[in-house]
Each structure stands twice: as C-alpha cells, then as structure tokens.
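In what follows, a structure is listed as structure tokens, so that the remarks can point back to it.
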Amino acid sequence: MSYQRILIPLDGSELSEQALDTAYPLARVFGSELLLVGVLDLTAGMYDVYAETLQPLDLKDQLETLLAGTLDRMVAKVKAENLPVQRFLEVGIPHEEIAGVAEREKADLIVMTTHGRRGLTHLLLGSVTEKVLRTAPCPVLVVRPT
C-alpha cells in the first residue's frame, strides 16, 4: 500500500494537530503530499469550541478567520518539514466535507484525531471521527488523544 495523498482534518484545536505529527513519518516514507482540511461547522454545537476567543458579532467571519489562520500556520509547519502540502477550507457538515475532499482529491489515507467525547456531549454532537470512518472513500487512521 502506498499513500501518495494523506488528508488531515484540522479544527483549530491542539488535539487535531496531533494527527499532523502522526502523518509526518508516513509522508516521509511514502513521499506523500499532505492535504490539510479545515471545515467551518456552523452548527450550534461547535460554538463552544471557539466561545472564549470570539466576539458575538460577525461570528461566521471570525470563525472563518480563526480556521484560516490555523490552516495557514499548519501549512507553514508542513513546508518547514519540506513536504508538499495543499490547504482546503470548506463550509458545511464536517464529516461530509472531509469525505468529500478525500474523494475529490483522491486521498489514499485520512489521519485524524478523536476528541474522545462521551456521554451526553457525544450523544448531542456525535463523533465526526465515527462518521468519517463510515463514509470515507479511503482508509482512516484514528489517533487517540495523548
């Protein structure tokens, strides 16, 4: 199996960046291009992730700016590792957009973390990772929180 295109979903959390650290060795071994994907999720459940950072007005614009900044920072990090990289900022339902980019860009592997939510939070928000596992057009490597 050869992984020429590895997709890494990033949501702005330090946890999601752990997937990038996991993908580096794979990318070096296989000469892979990394596809960094941020999805602007406008569902109400995601606002708590960003609430401390943002002002209530122009929330969508602020979320987009925050996510774009994260992607730009991660692109710079990947380039510093001398690996090829592309950046995608999508708007929609995260698992659908991640699977859609994977299919459109012909990703060979998705590397992502799980937030490890349990109980009521998991019931209400669901698991993006679980949904990606069910809908992805390629294998998914799930990285547990450290």
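Ligands are numbered from 1 in the order shown, chains are lettered A, B, ... in the order of the structure tokens, and residues start at 1 in each chain.
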
List the spatial neighbours of A:Arg5 as a PDB file with N, CA and C atoms, in the first residue's frame - criterion: any atom at most 10 Å away, only C-alpha atoms, same-chain residues fewer than 6 positions off excluded.
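Written out: part-v2.pdb:
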```pdb
ATOM      1  N   ALA A  27       4.323  10.415   5.608  1.00  0.00           N
ATOM      2  CA  ALA A  27       4.559  11.244   4.423  1.00  0.00           C
ATOM      3  C   ALA A  27       6.005  11.131   3.961  1.00  0.00           C
ATOM      4  N   PHE A  30       6.545   7.508   2.349  1.00  0.00           N
ATOM      5  CA  PHE A  30       5.866   7.294   1.074  1.00  0.00           C
ATOM      6  C   PHE A  30       6.014   8.449   0.092  1.00  0.00           C
ATOM      7  N   GLY A  31       6.668   9.538   0.496  1.00  0.00           N
ATOM      8  CA  GLY A  31       6.771  10.709  -0.382  1.00  0.00           C
ATOM      9  C   GLY A  31       5.409  11.332  -0.630  1.00  0.00           C
ATOM     10  N   SER A  32       4.596  11.384   0.405  1.00  0.00           N
ATOM     11  CA  SER A  32       3.203  11.826   0.280  1.00  0.00           C
ATOM     12  C   SER A  32       3.057  13.337   0.270  1.00  0.00           C
ATOM     13  N   GLU A  33       1.994  13.767  -0.368  1.00  0.00           N
ATOM     14  CA  GLU A  33       1.526  15.140  -0.261  1.00  0.00           C
ATOM     15  C   GLU A  33       0.494  15.170   0.856  1.00  0.00           C
ATOM     16  N   LEU A  34       0.550  16.196   1.714  1.00  0.00           N
ATOM     17  CA  LEU A  34      -0.419  16.331   2.790  1.00  0.00           C
ATOM     18  C   LEU A  34      -1.521  17.297   2.376  1.00  0.00           C
ATOM     19  N   LEU A  35      -2.757  16.887   2.609  1.00  0.00           N
ATOM     20  CA  LEU A  35      -3.931  17.696   2.302  1.00  0.00           C
ATOM     21  C   LEU A  35      -4.539  18.134   3.628  1.00  0.00           C
ATOM     22  N   PRO A  84       5.301  18.360   0.542  1.00  0.00           N
ATOM     23  CA  PRO A  84       4.291  19.050  -0.265  1.00  0.00           C
ATOM     24  C   PRO A  84       2.959  19.102   0.476  1.00  0.00           C
ATOM     25  N   VAL A  85       2.245  20.210   0.284  1.00  0.00           N
ATOM     26  CA  VAL A  85       1.021  20.420   1.046  1.00  0.00           C
ATOM     27  C   VAL A  85       0.016  21.225   0.238  1.00  0.00           C
ATOM     28  N   GLN A  86      -1.258  20.918   0.446  1.00  0.00           N
ATOM     29  CA  GLN A  86      -2.364  21.721  -0.064  1.00  0.00           C
ATOM     30  C   GLN A  86      -3.285  22.024   1.100  1.00  0.00           C
ATOM     31  N   ALA A 102     -11.740  14.203   0.467  1.00  0.00           N
ATOM     32  CA  ALA A 102     -10.968  12.967   0.282  1.00  0.00           C
ATOM     33  C   ALA A 102     -11.287  12.321  -1.058  1.00  0.00           C
ATOM     34  N   GLU A 105     -10.177  14.831  -4.062  1.00  0.00           N
ATOM     35  CA  GLU A 105      -8.728  14.966  -4.196  1.00  0.00           C
ATOM     36  C   GLU A 105      -8.006  13.623  -4.249  1.00  0.00           C
ATOM     37  N   LYS A 106      -8.774  12.539  -4.268  1.00  0.00           N
ATOM     38  CA  LYS A 106      -8.241  11.185  -4.368  1.00  0.00           C
ATOM     39  C   LYS A 106      -7.221  10.871  -3.264  1.00  0.00           C
ATOM     40  N   ALA A 107      -7.624  11.174  -2.023  1.00  0.00           N
ATOM     41  CA  ALA A 107      -6.773  10.868  -0.875  1.00  0.00           C
ATOM     42  C   ALA A 107      -6.654   9.355  -0.715  1.00  0.00           C
ATOM     43  N   ASP A 108      -5.473   8.916  -0.326  1.00  0.00           N
ATOM     44  CA  ASP A 108      -5.228   7.492  -0.086  1.00  0.00           C
ATOM     45  C   ASP A 108      -5.425   7.119   1.377  1.00  0.00           C
ATOM     46  N   LEU A 109      -5.379   8.130   2.255  1.00  0.00           N
ATOM     47  CA  LEU A 109      -5.483   7.895   3.690  1.00  0.00           C
ATOM     48  C   LEU A 109      -5.942   9.181   4.368  1.00  0.00           C
ATOM     49  N   ILE A 110      -6.767   9.037   5.396  1.00  0.00           N
ATOM     50  CA  ILE A 110      -7.145  10.157   6.260  1.00  0.00           C
ATOM     51  C   ILE A 110      -6.540   9.861   7.629  1.00  0.00           C
TER      52      ILE A 110
END
```

### Residues near A:Val143, cut-off 12 Å, only C-alpha atoms, skip fewer than 3 positions along chain, as a list in words
Ile8, Pro9, Leu15, Ser16, Glu17, Gln18, Ala19, Leu20, Asp21, Thr22, Ala23, Ile110, Val111, Met112, Thr113, Thr114, His115, Gly116, Thr129, Val140 and Thr146 of chain A

For those residues, write N, CA and C atoms to a file as a PDB file, in the first residue's frame.
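What follows is the written file result38.pdb:
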```
ATOM      1  N   ILE A   8      -5.491  15.388   6.318  1.00  0.00           N
ATOM      2  CA  ILE A   8      -5.546  15.620   7.755  1.00  0.00           C
ATOM      3  C   ILE A   8      -6.580  16.699   8.052  1.00  0.00           C
ATOM      4  N   PRO A   9      -7.701  16.347   8.696  1.00  0.00           N
ATOM      5  CA  PRO A   9      -8.682  17.356   9.100  1.00  0.00           C
ATOM      6  C   PRO A   9      -8.152  18.123  10.322  1.00  0.00           C
ATOM      7  N   LEU A  15      -5.439  19.268  19.847  1.00  0.00           N
ATOM      8  CA  LEU A  15      -5.661  17.840  19.668  1.00  0.00           C
ATOM      9  C   LEU A  15      -5.656  17.449  18.194  1.00  0.00           C
ATOM     10  N   SER A  16      -6.323  18.230  17.365  1.00  0.00           N
ATOM     11  CA  SER A  16      -6.369  17.876  15.939  1.00  0.00           C
ATOM     12  C   SER A  16      -4.985  17.966  15.303  1.00  0.00           C
ATOM     13  N   GLU A  17      -4.118  18.816  15.852  1.00  0.00           N
ATOM     14  CA  GLU A  17      -2.765  18.952  15.309  1.00  0.00           C
ATOM     15  C   GLU A  17      -1.907  17.720  15.586  1.00  0.00           C
ATOM     16  N   GLN A  18      -2.308  16.900  16.558  1.00  0.00           N
ATOM     17  CA  GLN A  18      -1.577  15.661  16.815  1.00  0.00           C
ATOM     18  C   GLN A  18      -1.625  14.731  15.600  1.00  0.00           C
ATOM     19  N   ALA A  19      -2.683  14.810  14.825  1.00  0.00           N
ATOM     20  CA  ALA A  19      -2.782  13.989  13.618  1.00  0.00           C
ATOM     21  C   ALA A  19      -1.695  14.370  12.622  1.00  0.00           C
ATOM     22  N   LEU A  20      -1.392  15.650  12.552  1.00  0.00           N
ATOM     23  CA  LEU A  20      -0.348  16.115  11.652  1.00  0.00           C
ATOM     24  C   LEU A  20       1.003  15.522  12.056  1.00  0.00           C
ATOM     25  N   ASP A  21       1.293  15.513  13.349  1.00  0.00           N
ATOM     26  CA  ASP A  21       2.544  14.924  13.832  1.00  0.00           C
ATOM     27  C   ASP A  21       2.615  13.435  13.516  1.00  0.00           C
ATOM     28  N   THR A  22       1.483  12.756  13.550  1.00  0.00           N
ATOM     29  CA  THR A  22       1.425  11.334  13.204  1.00  0.00           C
ATOM     30  C   THR A  22       1.622  11.123  11.708  1.00  0.00           C
ATOM     31  N   ALA A  23       1.158  12.057  10.904  1.00  0.00           N
ATOM     32  CA  ALA A  23       1.237  11.909   9.442  1.00  0.00           C
ATOM     33  C   ALA A  23       2.639  12.159   8.887  1.00  0.00           C
ATOM     34  N   ILE A 110      -6.767   9.037   5.396  1.00  0.00           N
ATOM     35  CA  ILE A 110      -7.145  10.157   6.260  1.00  0.00           C
ATOM     36  C   ILE A 110      -6.540   9.861   7.629  1.00  0.00           C
ATOM     37  N   VAL A 111      -5.834  10.845   8.180  1.00  0.00           N
ATOM     38  CA  VAL A 111      -5.287  10.721   9.533  1.00  0.00           C
ATOM     39  C   VAL A 111      -5.970  11.783  10.375  1.00  0.00           C
ATOM     40  N   MET A 112      -6.683  11.343  11.422  1.00  0.00           N
ATOM     41  CA  MET A 112      -7.404  12.309  12.248  1.00  0.00           C
ATOM     42  C   MET A 112      -7.446  11.861  13.690  1.00  0.00           C
ATOM     43  N   THR A 113      -7.674  12.814  14.564  1.00  0.00           N
ATOM     44  CA  THR A 113      -7.791  12.502  15.982  1.00  0.00           C
ATOM     45  C   THR A 113      -9.258  12.400  16.360  1.00  0.00           C
ATOM     46  N   THR A 114      -9.466  11.819  17.520  1.00  0.00           N
ATOM     47  CA  THR A 114     -10.790  11.781  18.099  1.00  0.00           C
ATOM     48  C   THR A 114     -10.750  12.596  19.382  1.00  0.00           C
ATOM     49  N   HIS A 115     -11.781  13.375  19.620  1.00  0.00           N
ATOM     50  CA  HIS A 115     -11.826  14.196  20.829  1.00  0.00           C
ATOM     51  C   HIS A 115     -12.165  13.376  22.066  1.00  0.00           C
ATOM     52  N   GLY A 116     -12.625  12.165  21.860  1.00  0.00           N
ATOM     53  CA  GLY A 116     -12.919  11.307  22.996  1.00  0.00           C
ATOM     54  C   GLY A 116     -14.113  11.767  23.822  1.00  0.00           C
ATOM     55  N   THR A 129     -15.321  11.739  13.858  1.00  0.00           N
ATOM     56  CA  THR A 129     -14.432  10.632  13.500  1.00  0.00           C
ATOM     57  C   THR A 129     -15.230   9.388  13.127  1.00  0.00           C
ATOM     58  N   VAL A 140      -8.924   5.173   7.111  1.00  0.00           N
ATOM     59  CA  VAL A 140      -8.823   6.230   8.105  1.00  0.00           C
ATOM     60  C   VAL A 140      -7.971   5.733   9.261  1.00  0.00           C
ATOM     61  N   THR A 146      -3.379  12.179  23.413  1.00  0.00           N
ATOM     62  CA  THR A 146      -2.268  11.815  24.296  1.00  0.00           C
ATOM     63  C   THR A 146      -2.287  12.686  25.530  1.00  0.00           C
TER      64      THR A 146
END
```

### Query
If you run DSSP on this backbone, which residues of stretch 3-83 of chain A come out as helix (DSSP H, G or I), and could you give them as a ChimeraX atom specification?
/A:14-30,44-50,59-80

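Among the candidate residues A:Val101, A:Leu89, A:Leu42, A:Leu36, the one lying nearest to A:Lys77 is A:Leu36, with distances computed using only C-alpha atoms.
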
### Query
What does the distance from atom CA of A:Pro25 to atom CA of A:Leu141 come to in Å, to one decimal?
13.3 Å
